[in-house]
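**Student:** As input, take final_34.tsv (TSV, C-alpha atoms):
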```tsv
chain	number	residue	atom	x	y	z
H	1	MET	CA	20.58	114.44	87.82
H	2	SER	CA	23.84	112.48	87.81
H	3	SER	CA	26.80	113.65	89.85
H	4	ARG	CA	29.97	114.64	87.99
H	5	ARG	CA	31.72	111.46	89.14
H	6	SER	CA	28.90	109.10	88.16
H	7	PHE	CA	28.57	110.83	84.80
H	8	LEU	CA	32.22	110.28	83.94
H	9	VAL	CA	32.22	106.71	85.17
H	10	GLY	CA	29.10	106.00	83.13
H	11	SER	CA	30.54	107.58	80.02
H	12	ALA	CA	33.79	105.61	80.07
H	13	LEU	CA	33.74	102.55	77.83
H	14	THR	CA	34.66	99.33	79.56
H	15	ALA	CA	36.85	97.97	76.80
H	16	ALA	CA	38.40	99.13	73.56
H	17	ALA	CA	36.48	98.23	70.44
H	18	SER	CA	38.46	96.55	67.69
H	19	ARG	CA	38.33	96.94	63.94
H	20	SER	CA	40.54	96.11	61.02
H	21	ALA	CA	42.90	98.76	59.67
H	22	VAL	CA	41.44	100.96	56.95
H	23	GLY	CA	42.86	100.06	53.56
H	24	ALA	CA	44.65	102.64	51.43
H	25	ASN	CA	41.76	102.87	48.96
H	26	GLU	CA	38.86	102.51	51.36
H	27	ARG	CA	36.48	105.22	52.48
H	28	ILE	CA	36.83	106.30	56.09
H	29	ARG	CA	33.49	106.36	57.92
H	30	VAL	CA	33.22	109.35	60.24
H	31	GLY	CA	30.90	110.54	62.97
H	32	PHE	CA	30.76	114.26	63.84
H	33	ILE	CA	30.41	115.18	67.54
H	34	GLY	CA	29.49	118.83	68.00
H	35	THR	CA	27.75	120.61	65.13
H	36	GLY	CA	27.97	124.29	66.03
H	37	THR	CA	29.51	126.87	63.71
H	38	ARG	CA	32.87	125.13	63.35
H	39	GLY	CA	31.67	121.53	63.34
H	40	SER	CA	28.92	122.27	60.84
H	41	TYR	CA	31.33	124.02	58.48
H	42	MET	CA	34.05	121.38	58.75
H	43	ALA	CA	31.54	118.64	57.97
H	44	THR	CA	30.90	120.29	54.60
H	45	VAL	CA	34.67	120.47	54.03
H	46	ALA	CA	35.16	116.81	54.96
H	47	GLU	CA	32.37	115.47	52.77
H	48	ASP	CA	34.02	117.00	49.70
H	49	LEU	CA	36.88	114.50	50.14
H	50	GLU	CA	35.87	111.41	48.22
H	51	ASP	CA	37.26	108.92	50.72
H	52	CYS	CA	35.46	110.50	53.71
H	53	GLN	CA	31.94	109.25	54.42
H	54	ILE	CA	29.88	110.93	57.15
H	55	LEU	CA	27.52	108.40	58.74
H	56	ALA	CA	26.33	110.22	61.86
H	57	MET	CA	26.20	113.58	63.63
H	58	CYS	CA	25.66	114.46	67.27
H	59	ASP	CA	24.90	117.58	69.29
H	60	VAL	CA	23.35	118.35	72.66
H	61	TYR	CA	21.17	121.08	71.11
H	62	LYS	CA	18.61	119.73	68.65
H	63	PRO	CA	18.12	122.88	66.50
H	64	THR	CA	21.89	123.12	65.92
H	65	LEU	CA	22.06	119.46	64.94
H	66	GLU	CA	19.15	119.77	62.51
H	67	SER	CA	20.70	122.83	60.88
H	68	ALA	CA	24.05	121.08	60.40
H	69	VAL	CA	22.47	118.00	58.84
H	70	ALA	CA	20.49	120.18	56.44
H	71	LYS	CA	23.73	121.70	55.08
H	72	LEU	CA	25.20	118.33	54.09
H	73	LYS	CA	25.02	116.90	50.61
H	74	THR	CA	25.31	113.47	52.23
H	75	LYS	CA	21.90	111.93	52.96
H	76	PRO	CA	20.72	110.26	55.10
H	77	VAL	CA	22.83	110.85	58.22
H	78	ASP	CA	21.95	109.33	61.59
H	79	THR	CA	21.56	111.85	64.43
H	80	TYR	CA	22.11	111.59	68.17
H	81	THR	CA	22.09	113.75	71.28
H	82	ASP	CA	24.49	111.51	73.22
H	83	TYR	CA	27.99	111.15	71.69
H	84	ARG	CA	28.37	107.68	73.22
H	85	ARG	CA	25.92	106.33	70.67
H	86	ILE	CA	28.45	107.20	67.96
H	87	LEU	CA	31.34	105.62	69.86
H	88	GLU	CA	29.35	102.39	70.25
H	89	ARG	CA	28.93	101.93	66.51
H	90	THR	CA	31.28	99.38	64.95
H	91	ASP	CA	30.70	100.76	61.46
H	92	ILE	CA	32.29	104.13	62.32
H	93	ASP	CA	36.07	104.31	61.93
H	94	ALA	CA	36.80	107.80	63.20
H	95	VAL	CA	35.21	110.80	64.90
H	96	TYR	CA	35.49	114.54	64.44
H	97	ILE	CA	35.17	116.42	67.75
H	98	ALA	CA	34.01	120.06	67.62
H	99	THR	CA	32.51	120.42	71.10
H	100	PRO	CA	33.28	123.05	73.75
H	101	ASP	CA	36.88	122.78	74.96
H	102	HIS	CA	36.14	121.16	78.33
H	103	TRP	CA	34.97	118.03	76.48
H	104	HIS	CA	37.96	117.65	74.13
H	105	SER	CA	40.33	115.54	76.22
H	106	GLN	CA	37.58	113.38	77.70
H	107	MET	CA	36.21	112.57	74.25
H	108	ILE	CA	39.67	111.85	72.82
H	109	ILE	CA	40.19	109.37	75.65
H	110	GLU	CA	36.82	107.66	75.19
H	111	ALA	CA	37.07	107.61	71.40
H	112	SER	CA	40.55	106.08	71.63
H	113	GLN	CA	39.22	103.44	74.03
H	114	ALA	CA	36.47	102.70	71.52
H	115	GLY	CA	39.03	102.08	68.76
H	116	LYS	CA	38.30	105.27	66.85
H	117	ASP	CA	40.80	107.63	65.26
H	118	VAL	CA	40.14	111.28	66.08
H	119	TYR	CA	40.24	114.77	64.65
H	120	CYS	CA	39.70	117.21	67.54
H	121	GLU	CA	39.35	120.95	67.27
H	122	LYS	CA	41.81	123.07	69.20
H	123	PRO	CA	42.75	123.51	71.97
H	124	LEU	CA	43.54	120.01	73.18
H	125	SER	CA	42.02	120.87	76.56
H	126	ASN	CA	41.15	123.71	78.93
H	127	ASN	CA	42.91	121.77	81.70
H	128	ILE	CA	46.56	120.64	81.89
H	129	GLU	CA	45.94	117.34	83.68
H	130	ALA	CA	43.12	116.26	81.34
H	131	GLY	CA	45.19	117.25	78.31
H	132	TRP	CA	48.15	115.09	79.29
H	133	LYS	CA	45.86	112.12	80.01
H	134	ALA	CA	44.54	112.42	76.46
H	135	VAL	CA	48.10	112.43	75.09
H	136	GLU	CA	49.01	109.32	77.08
H	137	THR	CA	45.82	107.45	76.17
H	138	ALA	CA	46.01	108.12	72.43
H	139	LYS	CA	49.68	107.12	72.40
H	140	ARG	CA	49.13	103.94	74.42
H	141	LEU	CA	46.23	102.81	72.23
H	142	LYS	CA	48.03	103.83	69.01
H	143	ARG	CA	45.21	106.02	67.72
H	144	VAL	CA	45.70	108.55	64.93
H	145	VAL	CA	44.71	111.87	66.47
H	146	GLN	CA	44.92	115.23	64.71
H	147	ILE	CA	44.42	118.51	66.61
H	148	GLY	CA	42.80	121.30	64.60
H	149	LEU	CA	45.78	123.66	64.40
H	150	GLN	CA	45.32	124.01	60.67
H	151	GLN	CA	47.79	126.87	60.19
H	152	ARG	CA	50.41	124.10	59.92
H	153	SER	CA	48.68	123.12	56.67
H	154	TRP	CA	48.71	126.69	55.29
H	155	ASP	CA	51.22	127.35	52.50
H	156	HIS	CA	52.52	130.75	53.61
H	157	PHE	CA	52.87	129.64	57.24
H	158	GLN	CA	54.99	126.73	56.00
H	159	LYS	CA	57.10	129.06	53.83
H	160	CYS	CA	57.77	131.47	56.70
H	161	CYS	CA	58.71	128.58	58.99
H	162	GLU	CA	61.48	127.74	56.54
H	163	LEU	CA	62.67	131.37	56.59
H	164	VAL	CA	62.86	131.49	60.39
H	165	GLN	CA	64.56	128.11	60.70
H	166	SER	CA	67.04	128.96	57.93
H	167	GLY	CA	68.50	131.69	60.14
H	168	MET	CA	67.39	134.49	57.85
H	169	PHE	CA	66.38	136.65	60.82
H	170	GLY	CA	69.35	135.65	62.95
H	171	THR	CA	68.85	134.56	66.54
H	172	ILE	CA	65.20	134.97	67.56
H	173	PHE	CA	65.09	136.50	71.02
H	174	HIS	CA	61.42	137.55	71.38
H	175	CYS	CA	58.22	136.01	70.03
H	176	GLN	CA	55.14	138.19	70.42
H	177	LEU	CA	51.56	136.91	70.17
H	178	HIS	CA	48.81	139.37	69.41
H	179	TRP	CA	45.07	138.77	69.12
H	180	GLN	CA	42.66	141.64	69.57
H	181	GLY	CA	39.69	141.92	71.83
H	182	SER	CA	38.18	139.77	74.56
H	183	TYR	CA	35.35	137.28	75.13
H	184	THR	CA	34.67	138.39	78.72
H	185	ARG	CA	30.95	138.51	79.54
H	186	PRO	CA	29.01	140.28	82.29
H	187	ALA	CA	27.44	138.05	84.93
H	188	GLU	CA	23.98	136.68	84.08
H	189	GLN	CA	21.09	135.43	86.14
H	190	PRO	CA	20.04	131.77	85.80
H	191	ALA	CA	17.36	131.11	83.19
H	192	PRO	CA	15.17	128.18	82.08
H	193	VAL	CA	16.96	125.63	79.90
H	194	PRO	CA	15.80	126.04	76.27
H	195	GLU	CA	13.74	123.30	74.70
H	196	GLY	CA	15.93	120.87	72.80
H	197	LEU	CA	19.08	121.45	74.90
H	198	ASP	CA	20.50	118.70	77.11
H	199	TRP	CA	22.18	120.98	79.68
H	200	GLU	CA	23.45	118.08	81.79
H	201	LEU	CA	25.21	116.57	78.80
H	202	PHE	CA	26.59	119.96	77.76
H	203	GLN	CA	28.29	120.35	81.15
H	204	GLY	CA	29.71	116.82	81.19
H	205	PRO	CA	33.08	116.89	83.02
H	206	ALA	CA	32.69	120.57	84.01
H	207	PRO	CA	31.38	121.78	87.41
H	208	ARG	CA	27.59	121.90	87.64
H	209	ARG	CA	26.15	125.40	87.15
H	210	PRO	CA	22.65	126.78	86.57
H	211	TYR	CA	21.91	127.47	82.92
H	212	SER	CA	22.24	131.01	81.55
H	213	PRO	CA	22.17	131.99	77.86
H	214	SER	CA	25.83	132.99	77.48
H	215	ARG	CA	27.03	129.75	79.09
H	216	SER	CA	25.86	127.83	76.04
H	217	ARG	CA	26.05	130.52	73.34
H	218	ASN	CA	29.31	132.14	74.48
H	219	TRP	CA	30.85	129.22	76.33
H	220	ARG	CA	34.41	130.17	75.29
H	221	ALA	CA	34.19	133.11	77.70
H	222	TYR	CA	34.04	130.87	80.79
H	223	TYR	CA	36.85	129.14	82.68
H	224	ASP	CA	34.52	126.13	83.09
H	225	TYR	CA	34.29	125.43	79.35
H	226	GLY	CA	37.12	127.34	77.64
H	227	GLY	CA	39.68	130.00	78.45
H	228	GLY	CA	38.47	133.12	76.73
H	229	ILE	CA	40.45	134.49	73.83
H	230	ILE	CA	43.60	133.42	75.69
H	231	THR	CA	43.21	129.77	74.69
H	232	ASP	CA	40.69	130.01	71.84
H	233	GLN	CA	42.72	132.13	69.43
H	234	GLY	CA	45.92	132.17	71.45
H	235	VAL	CA	46.55	128.49	70.77
H	236	HIS	CA	46.84	129.13	67.01
H	237	ILE	CA	49.57	131.72	67.44
H	238	ALA	CA	51.30	129.89	70.30
H	239	ASP	CA	51.44	126.86	68.03
H	240	VAL	CA	53.25	128.90	65.37
H	241	VAL	CA	55.93	129.72	67.96
H	242	ALA	CA	56.22	126.07	69.03
H	243	TRP	CA	56.54	125.09	65.37
H	244	TYR	CA	58.95	127.78	64.15
H	245	MET	CA	61.13	127.67	67.26
H	246	ASN	CA	60.98	123.87	67.57
H	247	THR	CA	60.28	124.09	71.28
H	248	ARG	CA	58.12	122.38	73.86
H	249	ALA	CA	57.34	123.60	77.38
H	250	PRO	CA	58.08	127.05	78.78
H	251	ILE	CA	60.26	127.34	81.88
H	252	SER	CA	57.85	129.73	83.60
H	253	VAL	CA	54.74	131.81	82.89
H	254	SER	CA	53.47	134.96	84.60
H	255	ALA	CA	50.73	137.44	83.80
H	256	ALA	CA	49.19	140.83	84.48
H	257	ALA	CA	45.43	141.07	83.92
H	258	GLN	CA	42.55	143.33	84.81
H	259	TYR	CA	38.80	143.72	84.35
H	260	VAL	CA	38.58	147.13	82.69
H	261	GLN	CA	35.83	147.11	80.10
H	262	VAL	CA	33.47	144.55	81.69
H	263	LEU	CA	32.40	145.85	85.11
H	264	PRO	CA	31.58	144.74	87.69
H	265	PRO	CA	34.15	141.95	87.26
H	266	ASN	CA	32.84	138.50	86.41
H	267	SER	CA	35.26	136.08	88.08
H	268	GLU	CA	33.87	133.18	86.05
H	269	CYS	CA	35.51	134.67	82.93
H	270	PRO	CA	39.14	135.64	82.28
H	271	PRO	CA	39.74	139.42	82.56
H	272	ASP	CA	39.21	141.50	79.43
H	273	SER	CA	42.74	143.00	79.44
H	274	PHE	CA	45.87	140.87	79.83
H	275	GLN	CA	49.57	140.48	79.21
H	276	ILE	CA	51.06	136.98	79.52
H	277	SER	CA	54.84	136.50	79.67
H	278	CYS	CA	56.57	133.17	79.05
H	279	GLN	CA	60.23	132.33	79.56
H	280	PHE	CA	61.66	129.64	77.30
H	281	ASP	CA	65.19	128.27	77.26
H	282	LYS	CA	66.55	130.65	74.58
H	283	PHE	CA	63.85	133.30	74.06
H	284	VAL	CA	60.89	135.01	75.67
H	285	MET	CA	57.29	135.01	74.46
H	286	SER	CA	54.58	137.54	75.27
H	287	TYR	CA	50.86	137.60	74.48
H	288	THR	CA	48.56	140.60	74.62
H	289	ASN	CA	45.06	141.44	73.44
H	290	ALA	CA	45.77	145.18	73.14
H	291	TYR	CA	45.64	146.68	69.67
H	292	PHE	CA	45.82	149.91	67.73
H	293	PRO	CA	42.47	150.50	65.96
H	294	GLN	CA	42.62	150.09	62.22
H	295	THR	CA	40.14	149.81	59.37
H	296	ASP	CA	41.36	146.28	58.69
H	297	TYR	CA	40.72	144.31	61.89
H	298	LEU	CA	43.07	141.45	61.02
H	299	SER	CA	46.06	143.50	59.91
H	300	ASP	CA	48.22	143.57	63.05
H	301	GLN	CA	47.20	140.41	64.89
H	302	GLY	CA	49.18	137.20	64.63
H	303	ASN	CA	52.84	136.42	65.30
H	304	TYR	CA	55.89	138.66	65.55
H	305	PHE	CA	59.37	137.15	65.55
H	306	TYR	CA	62.19	139.53	66.53
H	307	GLY	CA	65.71	138.40	65.66
H	308	SER	CA	69.26	139.73	65.65
H	309	ARG	CA	69.14	140.26	61.86
H	310	GLY	CA	65.50	141.12	61.27
H	311	ALA	CA	61.86	140.66	62.20
H	312	LEU	CA	58.87	138.80	60.79
H	313	HIS	CA	55.14	139.42	61.21
H	314	ILE	CA	52.75	136.76	59.96
H	315	ASN	CA	49.01	136.16	60.15
H	316	ARG	CA	46.31	134.62	57.98
H	317	GLN	CA	46.24	137.37	55.40
H	318	SER	CA	49.80	138.68	55.23
H	319	TYR	CA	53.44	138.30	56.06
H	320	THR	CA	56.00	141.05	56.38
H	321	TYR	CA	59.69	141.01	57.15
H	322	ARG	CA	62.28	143.72	57.61
H	323	PRO	CA	66.03	143.68	58.26
H	324	MET	CA	67.40	145.04	61.51
H	325	PRO	CA	69.82	147.80	60.43
H	326	GLY	CA	73.17	147.64	62.17
H	327	ARG	CA	72.37	144.36	63.91
H	328	ALA	CA	73.67	141.72	61.53
H	329	GLY	CA	74.62	139.35	64.35
H	330	ALA	CA	77.28	136.65	64.21
H	331	PRO	CA	76.51	133.38	62.42
H	332	ARG	CA	76.59	130.11	64.32
H	333	ALA	CA	80.06	128.57	64.68
H	334	GLY	CA	81.08	126.97	61.41
H	335	ALA	CA	78.04	128.25	59.53
H	336	PRO	CA	78.21	130.75	56.66
H	337	ALA	CA	76.79	134.21	57.29
H	338	PRO	CA	73.13	134.40	56.22
H	339	PRO	CA	72.58	136.50	53.09
H	340	SER	CA	71.22	140.00	53.47
H	341	PHE	CA	67.62	140.61	52.50
H	342	GLU	CA	65.34	143.44	51.48
H	343	PRO	CA	62.14	144.43	53.30
H	344	PHE	CA	59.13	142.51	52.04
H	345	ASN	CA	55.37	142.76	52.53
H	346	THR	CA	52.51	140.90	50.93
H	347	LYS	CA	48.79	140.76	51.62
H	348	PHE	CA	46.12	138.42	50.33
H	349	ALA	CA	42.52	137.45	50.98
H	350	TYR	CA	41.80	135.43	54.11
H	351	VAL	CA	40.52	132.12	52.71
H	352	GLY	CA	40.70	129.30	55.22
H	353	LYS	CA	39.13	126.37	53.38
H	354	PRO	CA	42.25	125.12	51.52
H	355	ALA	CA	44.17	124.75	54.80
H	356	ASP	CA	41.13	123.24	56.56
H	357	SER	CA	40.78	120.69	53.77
H	358	ALA	CA	44.51	119.95	53.70
H	359	HIS	CA	44.52	119.35	57.47
H	360	ILE	CA	41.68	116.83	57.20
H	361	ARG	CA	43.41	115.29	54.17
H	362	ASN	CA	46.57	114.81	56.23
H	363	TRP	CA	44.52	113.13	58.98
H	364	LEU	CA	42.77	110.74	56.59
H	365	ASP	CA	46.06	109.82	54.92
H	366	CYS	CA	47.62	109.08	58.31
H	367	ILE	CA	44.66	106.90	59.31
H	368	LYS	CA	45.37	104.79	56.24
H	369	SER	CA	49.14	104.70	56.66
H	370	LYS	CA	49.12	104.71	60.49
H	371	GLY	CA	51.49	107.64	60.25
H	372	THR	CA	51.81	110.64	62.58
H	373	PRO	CA	49.62	113.62	61.61
H	374	ARG	CA	50.93	117.19	61.50
H	375	THR	CA	49.49	118.11	64.88
H	376	ASP	CA	49.38	114.97	66.99
H	377	PRO	CA	48.18	115.20	70.63
H	378	GLU	CA	51.65	115.83	72.04
H	379	THR	CA	52.13	118.73	69.62
H	380	GLY	CA	48.70	120.03	70.59
H	381	PHE	CA	49.53	119.72	74.29
H	382	TYR	CA	52.75	121.71	74.20
H	383	SER	CA	51.22	124.39	71.97
H	384	THR	CA	48.37	124.80	74.46
H	385	LEU	CA	50.50	124.55	77.60
H	386	PRO	CA	51.83	128.15	77.80
H	387	LEU	CA	48.26	129.42	77.55
H	388	LEU	CA	46.89	127.05	80.20
H	389	MET	CA	49.72	128.12	82.48
H	390	GLY	CA	48.86	131.69	81.52
H	391	LEU	CA	45.27	131.14	82.60
H	392	LEU	CA	46.50	129.90	85.98
H	393	ALA	CA	48.73	132.96	86.30
H	394	VAL	CA	45.87	135.29	85.32
H	395	ARG	CA	43.39	133.63	87.65
H	396	ASN	CA	45.60	133.26	90.69
H	397	GLY	CA	48.07	136.12	90.34
H	398	LYS	CA	51.10	133.82	90.58
H	399	THR	CA	54.05	132.76	88.44
H	400	TYR	CA	53.96	129.10	87.40
H	401	ILE	CA	56.96	126.84	86.79
H	402	TRP	CA	56.71	123.78	84.55
H	403	ASP	CA	57.77	120.38	85.89
H	404	GLU	CA	58.37	118.12	82.88
H	405	LYS	CA	58.84	115.00	85.02
H	406	THR	CA	55.37	115.19	86.53
H	407	HIS	CA	53.73	117.22	83.75
H	408	THR	CA	52.40	119.73	86.25
H	409	ALA	CA	52.59	123.50	86.66
H	410	LYS	CA	53.68	124.61	90.13
H	411	ALA	CA	53.33	128.07	91.67
```
What would you get if you wrote out this structure as structure tokens?
**Tutor:**
Amino acid sequence: MSSRRSFLVGSALTAAASRSAVGANERIRVGFIGTGTRGSYMATVAEDLEDCQILAMCDVYKPTLESAVAKLKTKPVDTYTDYRRILERTDIDAVYIATPDHWHSQMIIEASQAGKDVYCEKPLSNNIEAGWKAVETAKRLKRVVQIGLQQRSWDHFQKCCELVQSGMFGTIFHCQLHWQGSYTRPAEQPAPVPEGLDWELFQGPAPRRPYSPSRSRNWRAYYDYGGGIITDQGVHIADVVAWYMNTRAPISVSAAAQYVQVLPPNSECPPDSFQISCQFDKFVMSYTNAYFPQTDYLSDQGNYFYGSRGALHINRQSYTYRPMPGRAGAPRAGAPAPPSFEPFNTKFAYVGKPADSAHIRNWLDCIKSKGTPRTDPETGFYSTLPLLMGLLAVRNGKTYIWDEKTHTAKA
């Protein structure tokens, strides 16, 4: 078995591959890396775009790979266990990465070195240092990289961004993030590696651990591979704050967390109950996984923006805003007073495919134009950063301060 260091050295490509720029009317040839639930679904979305051609798919677990290939209308598709076989191919222009989070930054770096453009599922990384290296590498090599924060391609999220930035709700002083539940798992005993799974390749840049079923099936629950619900769903709603508030790094992040429902505590997973607090320059942001039980699970999760004139709640199936009686607030110097507004609430079916398709469409268009996609790596980094700092605060019981000069979080 290779050591972690030798594995990474062996996986790094020695030189960047070169290819001609994709023409405006040409098909973009794509390889999919990671074909679990998300990767398999997004492959079917991508192949419906006429200028996207899927040539290859890759996964460390053979049954998952075979299932994903079977769902495609595109035939035949080459299959691999090792992602480096896709990066070596000169006939592949771009890759779609839908692996566990601990692989994201490493694969963005290697794909960029191989001359490939990249669509990578969120979050950018489960590690601050690796995430910033991916940002620097993609920028230096001028690759078109889109991070899968597809709410930026959703019509009603775009509409509500305009409302917030117009000053309709006055000065926003508190942004609340809310996503229910937890991924925390009880500790498991080591078990035999299933047939068809390359466990060494699954672990990749992560610390070496014995195999257990939840480590591969519920990998998001573990610090080694993800960050629990804190980073998995938290990055979507933290990104909405970064977008609407036009902000980057927090000043500081602290947390209170506890193992309450999963006992005895499993220190390899984030606690099942948490409250993360972030201080920004002109507002505060908080994130909790507590919720009031309702028939409709999705109804109260999402983003809350509290302002001097009113408040907004938005998620994937609704948006609601209400004025703040008696708190009109003063307009900015030289600006007209914002008009008053009536309470508003609307609900609709949660249908994600249009935004998923639009986000891939934006990526493909930017590959052709060499433009900047909606969620480039730097955007993805700063949307993930408060949550990665939050994980440090949860894990170590300390407050972390951001140092923008060194791109490090310091206790």
**Student:** What separation in Å, quoted to one decimal, exists between atom CA of H:Gly170 and atom CA of H:Met389?
**Tutor:**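 Straight-line distance from atom CA of H:Gly170 to atom CA of H:Met389 works out to 28.7 Å.
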**Student:** Excluding H:Ser105 and residues on its chain fewer than 4 positions from it, collect all residues at most 10 Å away from it, counting only C-alpha atoms, and give them as a list in words.
**Tutor:**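 So the residues in contact are Ile97, Asp101, Ile109, Glu110, Ala111, Cys120, Pro123, Leu124, Ser125, Asn126, Asn127, Ile128, Glu129, Ala130, Gly131, Trp132, Lys133, Ala134, Val135, Thr137 and Pro377 of chain H.
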**Student:** Need the shell around H:Leu55: protein/DNA/RNA residues with any atom at most 6 Å away, counting all atoms listed in the file. Skip same-chain ones fewer than 6 positions apart. Format as a PyMOL selection string?
**Tutor:** chain H and resi 30-31+77
**Student:** Would you export the selected residues with C-alpha atoms as a PDB file, in the coordinates of the input, please?
**Tutor:**
```pdb
ATOM      1  CA  VAL H  30      33.220 109.350  60.240  1.00  0.00           C
ATOM      2  CA  GLY H  31      30.900 110.540  62.970  1.00  0.00           C
ATOM      3  CA  VAL H  77      22.830 110.850  58.220  1.00  0.00           C
TER       4      VAL H  77
END
```
**Student:** Do you have the atom CA of H:Glu66-atom CA of H:Thr99 distance handy?
**Tutor:**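 Going from atom CA of H:Glu66 over to atom CA of H:Thr99, I get 15.9 Å.
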**Student:** Out of H:Arg248, H:Tyr306, H:Cys269, H:Ala355, which residue has the shortest atom-to-atom distance to H:Trp402 when counting all atoms listed in the file?
**Tutor:** H:Arg248
